[in-house]
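Data block for my_file_13.cif (mmCIF, C-alpha atoms and all ligand atoms):
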data_final
loop_
_atom_site.label_atom_id
_atom_site.label_comp_id
_atom_site.auth_asym_id
_atom_site.auth_seq_id
_atom_site.Cartn_x
_atom_site.Cartn_y
_atom_site.Cartn_z
CA MET S 1 0.00 0.00 0.00
CA SER S 2 2.94 2.29 0.58
CA LEU S 3 2.81 5.50 -1.42
CA GLY S 4 6.14 6.58 -0.01
CA GLU S 5 7.11 9.12 2.55
CA HIS S 6 8.38 12.05 0.49
CA ALA S 7 5.94 14.60 1.88
CA SER S 8 6.51 13.52 5.50
CA LYS S 9 10.29 13.62 4.94
CA ALA S 10 10.13 17.13 3.51
CA LEU S 11 7.88 18.35 6.33
CA PHE S 12 10.15 16.79 8.95
CA GLU S 13 13.13 18.63 7.42
CA ARG S 14 11.25 21.94 7.48
CA ALA S 15 10.02 21.29 11.00
CA ARG S 16 13.51 20.54 12.30
CA ARG S 17 14.67 23.96 11.13
CA VAL S 18 12.10 25.79 13.23
CA THR S 19 11.25 23.38 16.07
CA PRO S 20 13.66 21.42 18.30
CA GLY S 21 13.75 17.88 16.95
CA GLY S 22 10.99 18.77 14.51
CA VAL S 23 8.09 17.92 16.82
CA ASN S 24 6.06 19.46 19.64
CA SER S 25 6.09 16.39 21.88
CA PRO S 26 9.19 14.14 21.89
CA VAL S 27 7.73 10.67 21.23
CA ARG S 28 6.31 11.88 17.90
CA ALA S 29 9.84 12.12 16.47
CA PHE S 30 10.19 8.30 16.13
CA GLY S 31 13.43 8.53 18.14
CA ALA S 32 12.96 5.06 19.66
CA VAL S 33 12.15 3.26 16.41
CA GLY S 34 13.98 5.36 13.83
CA GLY S 35 12.69 6.43 10.44
CA THR S 36 10.53 9.33 9.37
CA PRO S 37 7.63 10.43 11.55
CA ARG S 38 4.43 10.51 9.53
CA PHE S 39 2.90 13.96 9.23
CA ILE S 40 -0.83 13.47 9.44
CA ALA S 41 -3.07 15.32 6.99
CA SER S 42 -6.46 14.05 8.10
CA ALA S 43 -8.27 11.43 10.12
CA GLN S 44 -11.64 9.71 10.01
CA GLY S 45 -13.08 7.05 12.30
CA PRO S 46 -10.29 4.55 13.07
CA TYR S 47 -8.01 5.80 10.28
CA LEU S 48 -5.22 8.34 9.84
CA THR S 49 -4.07 9.61 6.46
CA ASP S 50 -0.57 11.04 6.16
CA SER S 51 0.70 13.81 3.93
CA ASP S 52 1.71 11.27 1.24
CA GLY S 53 -1.80 9.82 1.14
CA ASN S 54 -1.02 6.62 3.07
CA GLU S 55 -3.89 5.39 5.23
CA TYR S 56 -3.27 3.74 8.59
CA VAL S 57 -5.39 1.98 11.18
CA ASP S 58 -4.78 4.25 14.17
CA LEU S 59 -3.78 2.38 17.32
CA ILE S 60 -2.80 5.54 19.21
CA CYS S 61 -6.01 7.57 19.00
CA SER S 62 -4.11 10.75 19.91
CA TRP S 63 -2.79 8.86 22.99
CA GLY S 64 -6.30 8.31 24.22
CA PRO S 65 -8.66 11.22 23.57
CA MET S 66 -10.28 9.85 20.39
CA ILE S 67 -12.37 7.22 22.17
CA LEU S 68 -15.19 7.64 19.65
CA GLY S 69 -12.83 7.69 16.68
CA HIS S 70 -11.84 10.70 14.60
CA ARG S 71 -14.45 13.26 13.52
CA HIS S 72 -17.35 11.64 15.33
CA PRO S 73 -20.40 13.50 13.96
CA ALA S 74 -21.75 14.46 17.41
CA VAL S 75 -18.40 15.94 18.46
CA VAL S 76 -17.98 17.81 15.18
CA GLU S 77 -21.50 19.18 15.53
CA ALA S 78 -21.01 20.26 19.16
CA VAL S 79 -17.75 22.02 18.30
CA THR S 80 -19.29 23.74 15.29
CA ARG S 81 -22.21 24.93 17.40
CA ALA S 82 -19.84 26.22 20.09
CA LEU S 83 -17.79 28.12 17.49
CA ASP S 84 -20.93 29.97 16.45
CA HIS S 85 -21.23 31.39 19.96
CA GLY S 86 -17.65 32.60 20.44
CA THR S 87 -14.39 30.87 21.27
CA SER S 88 -13.28 32.26 24.64
CA PHE S 89 -14.88 34.60 27.16
CA GLY S 90 -12.61 34.83 30.21
CA ALA S 91 -15.83 34.57 32.19
CA PRO S 92 -17.85 31.55 33.30
CA SER S 93 -20.15 29.84 30.80
CA THR S 94 -22.69 27.01 30.69
CA GLY S 95 -20.50 24.32 29.13
CA GLU S 96 -18.11 24.35 32.08
CA VAL S 97 -20.93 23.64 34.51
CA GLU S 98 -22.28 20.83 32.34
CA LEU S 99 -18.89 19.19 31.91
CA ALA S 100 -18.19 19.41 35.65
CA GLU S 101 -21.62 17.90 36.37
CA GLU S 102 -20.96 15.05 33.94
CA ILE S 103 -17.64 14.23 35.64
CA VAL S 104 -19.13 14.44 39.15
CA ASP S 105 -22.02 12.25 38.01
CA ARG S 106 -19.72 9.57 36.56
CA VAL S 107 -17.01 9.34 39.20
CA ALA S 108 -18.41 9.05 42.73
CA PRO S 109 -15.28 10.18 44.65
CA VAL S 110 -15.29 13.44 42.67
CA GLU S 111 -17.50 15.79 44.67
CA GLN S 112 -16.02 18.92 43.13
CA VAL S 113 -13.84 19.45 40.09
CA ARG S 114 -11.71 22.25 38.62
CA LEU S 115 -11.16 22.41 34.86
CA VAL S 116 -7.71 23.08 33.40
CA SER S 117 -6.18 22.73 29.93
CA SER S 118 -3.72 19.82 30.15
CA GLY S 119 -3.01 16.72 32.19
CA THR S 120 0.25 18.28 33.29
CA GLU S 121 -1.62 21.23 34.76
CA ALA S 122 -4.03 18.86 36.48
CA THR S 123 -1.34 16.86 38.29
CA MET S 124 0.72 19.96 39.07
CA SER S 125 -2.33 21.62 40.63
CA ALA S 126 -3.44 18.49 42.50
CA ILE S 127 0.00 18.28 44.09
CA ARG S 128 -0.01 21.92 45.08
CA LEU S 129 -3.45 21.45 46.58
CA ALA S 130 -2.35 18.33 48.48
CA ARG S 131 0.60 20.25 49.92
CA GLY S 132 -1.60 23.22 50.77
CA PHE S 133 -4.22 21.02 52.40
CA THR S 134 -1.84 18.89 54.47
CA GLY S 135 0.81 21.52 55.17
CA ARG S 136 3.42 18.88 54.23
CA GLY S 137 6.06 18.92 51.48
CA LYS S 138 6.95 15.44 50.28
CA ILE S 139 5.34 13.50 47.43
CA VAL S 140 5.67 9.78 46.74
CA LYS S 141 5.56 8.63 43.11
CA PHE S 142 6.36 5.33 41.41
CA ALA S 143 9.09 4.53 38.92
CA GLY S 144 7.66 4.26 35.42
CA CYS S 145 4.56 6.33 36.18
CA TYR S 146 4.25 9.51 34.13
CA HIS S 147 2.25 12.45 35.40
CA GLY S 148 3.00 15.07 32.76
CA HIS S 149 6.13 17.20 32.68
CA VAL S 150 5.73 18.67 36.15
CA ASP S 151 9.22 19.49 37.48
CA ALA S 152 8.77 17.63 40.75
CA LEU S 153 7.41 14.55 38.99
CA LEU S 154 10.04 14.17 36.28
CA ALA S 155 11.95 11.56 38.19
CA SER S 156 11.82 8.04 36.78
CA ALA S 157 8.81 8.98 34.68
CA GLY S 158 8.35 6.18 32.17
CA SER S 159 7.99 6.15 28.42
CA GLY S 160 9.16 9.54 27.16
CA LEU S 161 12.25 9.50 29.32
CA ALA S 162 12.79 5.75 29.05
CA THR S 163 12.55 6.15 25.30
CA PHE S 164 15.34 8.67 25.30
CA ALA S 165 17.24 7.01 28.13
CA LEU S 166 17.50 10.20 30.13
CA PRO S 167 17.98 9.16 33.75
CA ASP S 168 16.82 12.60 34.83
CA THR S 169 16.14 15.77 32.94
CA PRO S 170 18.41 18.80 32.98
CA GLY S 171 16.48 21.89 34.00
CA VAL S 172 14.94 20.31 37.08
CA THR S 173 16.94 21.39 40.11
CA GLY S 174 17.84 19.21 43.05
CA ALA S 175 15.57 21.37 45.17
CA GLN S 176 12.59 20.75 42.88
CA ALA S 177 13.12 16.99 42.90
CA SER S 178 14.27 16.66 46.51
CA ASP S 179 10.74 16.49 47.91
CA THR S 180 9.89 13.65 45.51
CA ILE S 181 10.36 10.09 46.67
CA VAL S 182 10.40 7.48 43.89
CA LEU S 183 9.43 3.91 44.81
CA PRO S 184 9.10 0.73 42.75
CA TYR S 185 5.58 0.21 41.38
CA ASN S 186 3.35 -2.51 42.86
CA ASP S 187 5.50 -2.70 45.99
CA LEU S 188 3.39 -1.88 49.05
CA ALA S 189 6.15 -2.93 51.44
CA SER S 190 8.36 -0.08 50.25
CA VAL S 191 5.46 2.34 50.70
CA GLU S 192 4.90 1.09 54.25
CA LYS S 193 8.59 1.47 54.95
CA VAL S 194 8.87 5.07 53.80
CA PHE S 195 5.70 6.05 55.66
CA ALA S 196 7.01 4.40 58.82
CA GLU S 197 10.11 6.58 58.55
CA ILE S 198 8.76 9.98 57.46
CA GLY S 199 4.99 9.54 57.14
CA ASP S 200 4.26 12.87 58.82
CA GLU S 201 6.21 14.75 56.10
CA ILE S 202 4.36 13.18 53.16
CA ALA S 203 1.58 15.25 51.56
CA ALA S 204 0.46 12.67 49.01
CA VAL S 205 1.09 9.51 47.06
CA ILE S 206 0.43 9.95 43.35
CA THR S 207 0.06 6.96 41.06
CA GLU S 208 -1.31 6.20 37.63
CA ALA S 209 -4.62 4.46 38.38
CA ALA S 210 -3.50 1.65 36.06
CA PRO S 211 -0.24 2.58 34.39
CA GLY S 212 -0.01 2.95 30.63
CA ASN S 213 3.09 5.09 30.39
CA MET S 214 5.60 2.25 30.79
CA GLY S 215 3.43 0.05 28.61
CA ALA S 216 0.39 -1.48 30.30
CA VAL S 217 1.39 -2.52 33.82
CA PRO S 218 -1.80 -2.83 35.86
CA PRO S 219 -1.84 -2.62 39.66
CA LEU S 220 -1.64 -5.99 41.40
CA PRO S 221 -4.81 -6.89 43.32
CA GLY S 222 -4.94 -4.77 46.48
CA PHE S 223 -2.23 -2.32 45.46
CA ASN S 224 -4.44 0.77 45.06
CA ALA S 225 -6.50 -0.22 48.11
CA GLY S 226 -3.25 -0.54 50.07
CA LEU S 227 -2.16 2.95 48.98
CA LYS S 228 -5.47 4.34 50.15
CA GLU S 229 -5.21 2.60 53.51
CA ILE S 230 -1.61 3.65 54.17
CA THR S 231 -2.13 7.29 53.16
CA ALA S 232 -5.30 7.57 55.23
CA ARG S 233 -3.55 6.10 58.28
CA HIS S 234 -0.81 8.75 58.01
CA GLY S 235 -2.96 11.78 57.13
CA ALA S 236 -1.62 11.97 53.58
CA LEU S 237 -3.72 12.17 50.40
CA PHE S 238 -4.06 9.46 47.76
CA ILE S 239 -3.99 11.02 44.28
CA SER S 240 -5.04 8.75 41.43
CA ASP S 241 -3.86 10.01 38.05
CA GLU S 242 -6.62 9.00 35.65
CA VAL S 243 -5.49 11.25 32.78
CA MET S 244 -5.11 8.15 30.61
CA THR S 245 -7.61 5.73 32.17
CA GLY S 246 -10.31 8.29 32.99
CA PHE S 247 -13.51 7.67 31.00
CA ARG S 248 -11.59 5.03 29.01
CA ALA S 249 -11.18 2.06 31.35
CA SER S 250 -14.92 2.32 32.02
CA ARG S 251 -17.65 4.96 32.27
CA ALA S 252 -16.04 5.97 35.60
CA GLY S 253 -12.48 5.24 34.52
CA TRP S 254 -10.27 2.91 36.53
CA TYR S 255 -12.23 3.84 39.66
CA GLY S 256 -15.22 2.20 37.96
CA ARG S 257 -13.23 -1.05 37.81
CA ASP S 258 -11.52 -1.27 41.20
CA GLY S 259 -13.84 0.86 43.36
CA VAL S 260 -11.00 2.28 45.47
CA ALA S 261 -11.93 5.90 46.20
CA PRO S 262 -8.97 8.31 45.96
CA ASP S 263 -8.90 11.68 47.74
CA LEU S 264 -8.03 13.47 44.51
CA LEU S 265 -8.17 12.37 40.86
CA THR S 266 -6.75 13.91 37.73
CA PHE S 267 -8.26 13.70 34.25
CA GLY S 268 -7.40 14.74 30.70
CA LYS S 269 -7.26 13.04 27.30
CA VAL S 270 -10.80 11.56 26.78
CA MET S 271 -12.57 14.36 28.64
CA GLY S 272 -11.28 16.92 26.10
CA GLY S 273 -12.55 15.01 23.09
CA GLY S 274 -9.44 16.02 21.12
CA PHE S 275 -9.25 19.56 22.52
CA PRO S 276 -7.16 20.90 25.42
CA ALA S 277 -9.33 20.18 28.45
CA ALA S 278 -8.33 18.43 31.66
CA ALA S 279 -9.39 18.48 35.29
CA PHE S 280 -8.63 17.57 38.86
CA GLY S 281 -11.18 16.90 41.53
CA GLY S 282 -12.14 14.86 44.55
CA ARG S 283 -13.17 15.34 48.17
CA ALA S 284 -15.15 18.54 48.68
CA ASP S 285 -13.30 19.39 51.91
CA VAL S 286 -9.98 19.20 50.05
CA MET S 287 -11.20 21.08 46.96
CA ALA S 288 -12.54 23.82 49.28
CA HIS S 289 -8.92 24.85 49.82
CA LEU S 290 -8.67 25.98 46.21
CA ALA S 291 -8.94 29.68 45.26
CA PRO S 292 -11.27 31.52 45.28
CA ALA S 293 -13.02 29.26 47.84
CA GLY S 294 -9.74 28.80 49.74
CA PRO S 295 -6.12 29.96 49.84
CA VAL S 296 -4.36 27.58 47.37
CA TYR S 297 -3.90 29.52 44.13
CA GLN S 298 -4.69 28.02 40.74
CA ALA S 299 -5.95 29.70 37.56
CA GLY S 300 -6.04 29.56 33.75
CA THR S 301 -6.88 31.99 30.92
CA LEU S 302 -8.36 29.20 28.79
CA SER S 303 -9.61 26.96 31.62
CA GLY S 304 -13.12 25.76 30.81
CA ASN S 305 -12.79 26.99 27.24
CA PRO S 306 -16.22 26.78 25.58
CA VAL S 307 -15.06 24.93 22.45
CA ALA S 308 -13.01 22.41 24.44
CA THR S 309 -15.79 21.81 26.94
CA ALA S 310 -18.29 21.30 24.11
CA ALA S 311 -16.02 18.67 22.54
CA GLY S 312 -15.44 16.97 25.89
CA LEU S 313 -19.09 16.97 26.86
CA ALA S 314 -20.19 15.53 23.50
CA THR S 315 -17.49 12.86 23.78
CA LEU S 316 -18.54 11.84 27.28
CA ARG S 317 -22.25 11.88 26.47
CA HIS S 318 -21.64 9.54 23.55
CA SER S 319 -19.34 7.26 25.55
CA THR S 320 -22.16 4.85 26.34
CA PRO S 321 -22.03 1.33 27.79
CA GLU S 322 -21.95 0.07 24.17
CA VAL S 323 -18.78 2.10 23.57
CA TYR S 324 -17.03 0.53 26.57
CA ALA S 325 -18.22 -2.94 25.55
CA ARG S 326 -16.75 -2.38 22.08
CA LEU S 327 -13.40 -1.22 23.53
CA ASP S 328 -13.22 -4.37 25.65
CA GLU S 329 -14.12 -6.55 22.69
CA VAL S 330 -11.62 -5.00 20.26
CA SER S 331 -8.77 -4.81 22.77
CA GLY S 332 -9.41 -8.46 23.64
CA THR S 333 -9.42 -9.52 20.00
CA LEU S 334 -6.29 -7.58 19.08
CA GLY S 335 -4.42 -8.80 22.16
CA ARG S 336 -5.26 -12.43 21.34
CA GLU S 337 -4.32 -12.03 17.68
CA VAL S 338 -1.01 -10.34 18.47
CA SER S 339 -0.25 -13.13 20.90
CA ALA S 340 -1.20 -15.85 18.41
CA ALA S 341 1.01 -14.35 15.69
CA LEU S 342 4.01 -14.02 18.02
CA THR S 343 3.51 -17.53 19.42
CA LYS S 344 3.51 -18.92 15.89
CA GLU S 345 6.93 -17.34 15.34
CA GLY S 346 8.22 -18.57 18.71
CA VAL S 347 8.66 -15.06 20.11
CA ALA S 348 8.48 -14.85 23.91
CA HIS S 349 5.96 -12.18 24.82
CA ARG S 350 3.19 -11.05 27.13
CA VAL S 351 0.17 -8.94 26.25
CA GLN S 352 -0.85 -6.93 29.31
CA TYR S 353 -3.94 -4.80 29.90
CA SER S 354 -4.60 -1.67 31.93
CA GLY S 355 -8.34 -1.64 31.36
CA THR S 356 -8.94 -1.23 27.64
CA MET S 357 -5.37 -0.07 26.99
CA PHE S 358 -2.88 -2.79 26.30
CA SER S 359 0.65 -3.39 25.13
CA VAL S 360 3.07 -6.14 24.22
CA PHE S 361 6.20 -6.91 26.20
CA PHE S 362 8.84 -9.16 24.71
CA THR S 363 9.44 -11.38 27.72
CA GLU S 364 8.11 -14.60 29.25
CA ASP S 365 7.60 -13.15 32.71
CA GLU S 366 4.85 -11.04 34.16
CA VAL S 367 5.81 -7.35 34.08
CA ILE S 368 4.85 -5.65 37.33
CA ASP S 369 7.26 -2.72 37.64
CA PHE S 370 9.59 -0.49 35.68
CA GLU S 371 12.61 -2.70 36.29
CA ASP S 372 10.73 -5.59 34.64
CA VAL S 373 9.87 -3.29 31.72
CA ARG S 374 13.53 -2.41 31.23
CA ALA S 375 14.51 -6.09 31.26
CA THR S 376 12.29 -6.98 28.28
CA GLU S 377 13.68 -7.61 24.78
CA SER S 378 12.45 -4.23 23.61
CA HIS S 379 14.74 -4.30 20.54
CA ARG S 380 12.18 -6.65 18.95
CA TYR S 381 9.68 -3.80 18.88
CA THR S 382 11.44 -1.73 16.19
CA PRO S 383 11.11 -4.23 13.30
CA PHE S 384 7.62 -5.20 14.54
CA PHE S 385 6.56 -1.55 14.49
CA HIS S 386 8.03 -0.78 11.07
CA GLU S 387 6.53 -3.87 9.43
CA LEU S 388 3.08 -2.89 10.73
CA LEU S 389 3.59 0.72 9.64
CA ARG S 390 4.54 -0.48 6.16
CA GLN S 391 1.29 -2.42 6.03
CA GLY S 392 -0.81 0.52 7.18
CA VAL S 393 -1.05 0.01 10.94
CA TYR S 394 0.06 2.88 13.14
CA LEU S 395 1.36 1.73 16.55
CA PRO S 396 2.95 3.90 19.22
CA PRO S 397 6.52 4.67 18.06
CA SER S 398 7.96 3.34 21.33
CA PRO S 399 8.02 -0.06 23.02
CA PHE S 400 7.10 1.59 26.32
CA GLU S 401 3.69 3.03 25.40
CA ALA S 402 0.18 1.61 25.61
CA TRP S 403 -1.93 1.00 22.51
CA PHE S 404 -5.27 2.76 22.24
CA ILE S 405 -8.37 1.87 20.30
CA SER S 406 -11.72 3.55 19.72
CA ALA S 407 -15.34 2.50 19.37
CA ALA S 408 -14.95 3.35 15.67
CA HIS S 409 -12.55 0.41 15.24
CA ASP S 410 -14.95 -1.71 13.25
CA ASP S 411 -14.40 -5.21 11.92
CA ARG S 412 -12.78 -3.91 8.74
CA ALA S 413 -10.16 -1.99 10.72
CA VAL S 414 -9.55 -4.91 13.08
CA THR S 415 -9.16 -7.30 10.13
CA ARG S 416 -6.58 -5.01 8.56
CA VAL S 417 -4.50 -5.20 11.72
CA VAL S 418 -4.92 -8.96 12.04
CA GLU S 419 -3.83 -9.52 8.44
CA ALA S 420 -0.70 -7.46 8.99
CA LEU S 421 0.40 -9.35 12.09
CA PRO S 422 2.07 -12.50 10.66
CA LYS S 423 4.79 -10.54 8.83
CA ALA S 424 5.27 -8.23 11.81
CA ALA S 425 5.67 -11.21 14.14
CA ALA S 426 8.22 -12.71 11.74
CA ALA S 427 10.12 -9.42 11.77
CA ALA S 428 10.09 -9.44 15.58
CA ALA S 429 11.40 -13.01 15.57
CA ALA S 430 14.24 -12.06 13.23
CA ALA S 431 15.23 -8.95 15.24
CA ALA S 432 18.95 -8.64 15.81
CA ARG S 433 20.21 -7.80 19.27
CA PRO S 434 21.34 -4.19 19.39
C1 LIG S 501 -0.81 12.17 29.27
C2 LIG S 501 -0.68 12.06 30.73
C3 LIG S 501 -0.44 13.19 31.54
C4 LIG S 501 -0.12 14.54 30.97
O1 LIG S 501 -1.17 15.06 30.22
P1 LIG S 501 -0.83 16.22 29.16
O2 LIG S 501 -2.19 16.65 28.68
O3 LIG S 501 0.01 15.59 28.10
O4 LIG S 501 -0.11 17.29 29.87
C5 LIG S 501 -0.45 13.01 32.91
N1 LIG S 501 -0.68 11.81 33.46
C6 LIG S 501 -0.90 10.71 32.72
C7 LIG S 501 -1.17 9.40 33.39
C8 LIG S 501 -0.88 10.80 31.33
O5 LIG S 501 -1.06 9.69 30.60
#
Please re-express this file's structure in structure tokens.
Ligand SMILES: *Cc1c(COP(=O)(O)O)cnc(C)c1O
Amino acid sequence: MSLGEHASKALFERARRVTPGGVNSPVRAFGAVGGTPRFIASAQGPYLTDSDGNEYVDLICSWGPMILGHRHPAVVEAVTRALDHGTSFGAPSTGEVELAEEIVDRVAPVEQVRLVSSGTEATMSAIRLARGFTGRGKIVKFAGCYHGHVDALLASAGSGLATFALPDTPGVTGAQASDTIVLPYNDLASVEKVFAEIGDEIAAVITEAAPGNMGAVPPLPGFNAGLKEITARHGALFISDEVMTGFRASRAGWYGRDGVAPDLLTFGKVMGGGFPAAAFGGRADVMAHLAPAGPVYQAGTLSGNPVATAAGLATLRHSTPEVYARLDEVSGTLGREVSAALTKEGVAHRVQYSGTMFSVFFTEDEVIDFEDVRATESHRYTPFFHELLRQGVYLPPSPFEAWFISAAHDDRAVTRVVEALPKAAAAAAAAARP
């Protein structure tokens, strides 16, 4: 099917002249897999079309937001209607109230919510609020969990940094990182230990509700419940980062699956419907500390933007039980088919799920933390990725990212992926050690 990559190549060259690395978010540059990043010209349903006219089945879905597929008619209509009324007011408007009500209605532990424009802003603000509420400074995070590019949270932060093998990022000072404690994921004993030592200095534990940013590494049974119990016992807050899983793992996100009620939750991706909208929310007594109700400052010129809230609201309103059933069905089918193809070629692998997100690890063993992720034969991913790309299937350009599907992934799209798998599995089997 390949029509070539001349247009993408030319655009990448132009982009690199005016933008560092040619992209506006690092993983898009194909650094981990090599080759030319595809510049996308348009998208429809489960498909992307690049600037050379190649069509791909999209298994990234904008890293999660496009849960209904691209250009869903209800979302397009809602956005068009919003545009007719003006694009930004700097004053409150109806859509913000409706979106907040929808979130509060779906996710029981969210009694109040504040809208922001990115997941990074949501986690940054939730952490500030946790510190303001508790009067404590330290934050516990887990290796391999990504919470946006918040200075204090850019320690051992999964995919983007793993992809580029940066142990830490320049530009974050020791002071900014010194209040962050990084622990191995899925290891409650290490959490108990650190709380036993300095529990009264810890404002919050933040975790991905079910991690997708080191590939799909779900919490072991009881892990999130254990975090809740330990934090509560020590007067710290439990922050569940549902930017990726929120409104994707189920109607109520990962919370809807495990029922463990966090003190604060963060959202983004799906709730913006492809526009910049995100949120943090939770216990009313904690949220009451936020300005102007309370003293902890937080603000945003475009927060609650009417076009973004219209897109988010339409996306959530159309994310029905049928949508979640379809995500489960398609992720199950694709996971089984990927596994069957790799088994046929004798490639050791595991397909793991964090809700409806999933990913493939090239290893025989269960992957439960970031150290396990690093020990996988990730070099097999590059030829696997490129063979699928050649056949019109667009996977994340990194072995350490989750795959995303949409309710628009119909049987035709799924079949196209399935038919491309045998050659990709053979390529993975033939991969040379780096
Ligand atoms: C994507 C993501 C973020 C950051 O969201 P942005 O909108 O990219 O700033 C934070 N946390 C998690 C779990 C994410 O997946």
Could you tell me how far atom CA of Thr87 of chain S lies from atom CA of Leu115 of chain S, in Å and to one decimal?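 Rounded to one decimal, the two atoms are 16.3 Å apart.
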Throw together the list of residues within 9 Å of ligand LIG 501 (chain S), counting only C-alpha atoms and all ligand atoms, and drop it here as a PyMOL selection string. chain S and resi 25+63-64+117-123+145-150+207-213+240-245+266-269+276-278
Could you take the residues named above and write them with C-alpha atoms, as an mmCIF file, keeping the file's coordinate frame?
data_model
loop_
_atom_site.group_PDB
_atom_site.id
_atom_site.type_symbol
_atom_site.label_atom_id
_atom_site.label_comp_id
_atom_site.auth_asym_id
_atom_site.auth_seq_id
_atom_site.Cartn_x
_atom_site.Cartn_y
_atom_site.Cartn_z
ATOM 1 C CA SER S 25 6.090 16.390 21.880
ATOM 2 C CA TRP S 63 -2.790 8.860 22.990
ATOM 3 C CA GLY S 64 -6.300 8.310 24.220
ATOM 4 C CA SER S 117 -6.180 22.730 29.930
ATOM 5 C CA SER S 118 -3.720 19.820 30.150
ATOM 6 C CA GLY S 119 -3.010 16.720 32.190
ATOM 7 C CA THR S 120 0.250 18.280 33.290
ATOM 8 C CA GLU S 121 -1.620 21.230 34.760
ATOM 9 C CA ALA S 122 -4.030 18.860 36.480
ATOM 10 C CA THR S 123 -1.340 16.860 38.290
ATOM 11 C CA CYS S 145 4.560 6.330 36.180
ATOM 12 C CA TYR S 146 4.250 9.510 34.130
ATOM 13 C CA HIS S 147 2.250 12.450 35.400
ATOM 14 C CA GLY S 148 3.000 15.070 32.760
ATOM 15 C CA HIS S 149 6.130 17.200 32.680
ATOM 16 C CA VAL S 150 5.730 18.670 36.150
ATOM 17 C CA THR S 207 0.060 6.960 41.060
ATOM 18 C CA GLU S 208 -1.310 6.200 37.630
ATOM 19 C CA ALA S 209 -4.620 4.460 38.380
ATOM 20 C CA ALA S 210 -3.500 1.650 36.060
ATOM 21 C CA PRO S 211 -0.240 2.580 34.390
ATOM 22 C CA GLY S 212 -0.010 2.950 30.630
ATOM 23 C CA ASN S 213 3.090 5.090 30.390
ATOM 24 C CA SER S 240 -5.040 8.750 41.430
ATOM 25 C CA ASP S 241 -3.860 10.010 38.050
ATOM 26 C CA GLU S 242 -6.620 9.000 35.650
ATOM 27 C CA VAL S 243 -5.490 11.250 32.780
ATOM 28 C CA MET S 244 -5.110 8.150 30.610
ATOM 29 C CA THR S 245 -7.610 5.730 32.170
ATOM 30 C CA THR S 266 -6.750 13.910 37.730
ATOM 31 C CA PHE S 267 -8.260 13.700 34.250
ATOM 32 C CA GLY S 268 -7.400 14.740 30.700
ATOM 33 C CA LYS S 269 -7.260 13.040 27.300
ATOM 34 C CA PRO S 276 -7.160 20.900 25.420
ATOM 35 C CA ALA S 277 -9.330 20.180 28.450
ATOM 36 C CA ALA S 278 -8.330 18.430 31.660
#
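What separates atom CA of Tyr47 of chain S from atom CA of Ile67 of chain S is a distance of 12.7 Å.
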Counting all atoms listed in the file, the option among S:Met357, S:Ala108, S:Leu68, S:Val57 closest to Glu322 of chain S: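 Smallest distance to Glu322 of chain S is found for S:Leu68.
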Compare S:Arg336, S:Leu154, S:Val23, S:Gly132 by their minimum atom-to-atom distance to Pro295 of chain S, counting only C-alpha atoms, and give me the closest one.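 Checking each candidate against Pro295 of chain S, we get S:Gly132 as the closest.
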Which one of S:Ala314, S:Ala428, S:Val18, S:Asp151 sits closest to Phe275 of chain S if you count only C-alpha atoms?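 When distances to Phe275 of chain S are compared using only C-alpha atoms, the smallest one comes from S:Ala314.
The interatomic distance for the pair atom CA of Ser93 of chain S and atom CA of Val107 of chain S works out to 22.4 Å.
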For Gln112 of chain S, the closest of S:Gly355, S:Gly294, S:Gly282, S:Gly304 counting all atoms listed in the file is S:Gly282
Given only C-alpha atoms as the basis, pick out the residue of S:Ala375, S:Val97, S:Val417, S:Ile405 nearest to Gly45 of chain S. S:Ile405
Centre and edges of the segment 247-258 of chain S box, axis-aligned, 4 Å extra per side, as AutoDock Vina command-line options:
--center_x -14.0 --center_y 3.2 --center_z 35.1 --size_x 15.4 --size_y 16.9 --size_z 20.2
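Of the residues under consideration (S:Ser62, S:Asn24, S:Thr376, S:Thr356), S:Thr356 shows the shortest atom-to-atom contact distance to Ser331 of chain S when counting only C-alpha atoms.
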Could you name the residues that touch Ala299 of chain S at 10 Å or less, counting only C-alpha atoms, but leaving out those on the same chain fewer than 5 positions away, as a PyMOL selection string? chain S and resi 114-116+121+125+290-292
Excluding segment 308-313 of chain S and its own-chain neighbours fewer than 5 positions away, which residues fall within 7 Å of it when counting only C-alpha atoms? Please give them as a count of residues only. 13
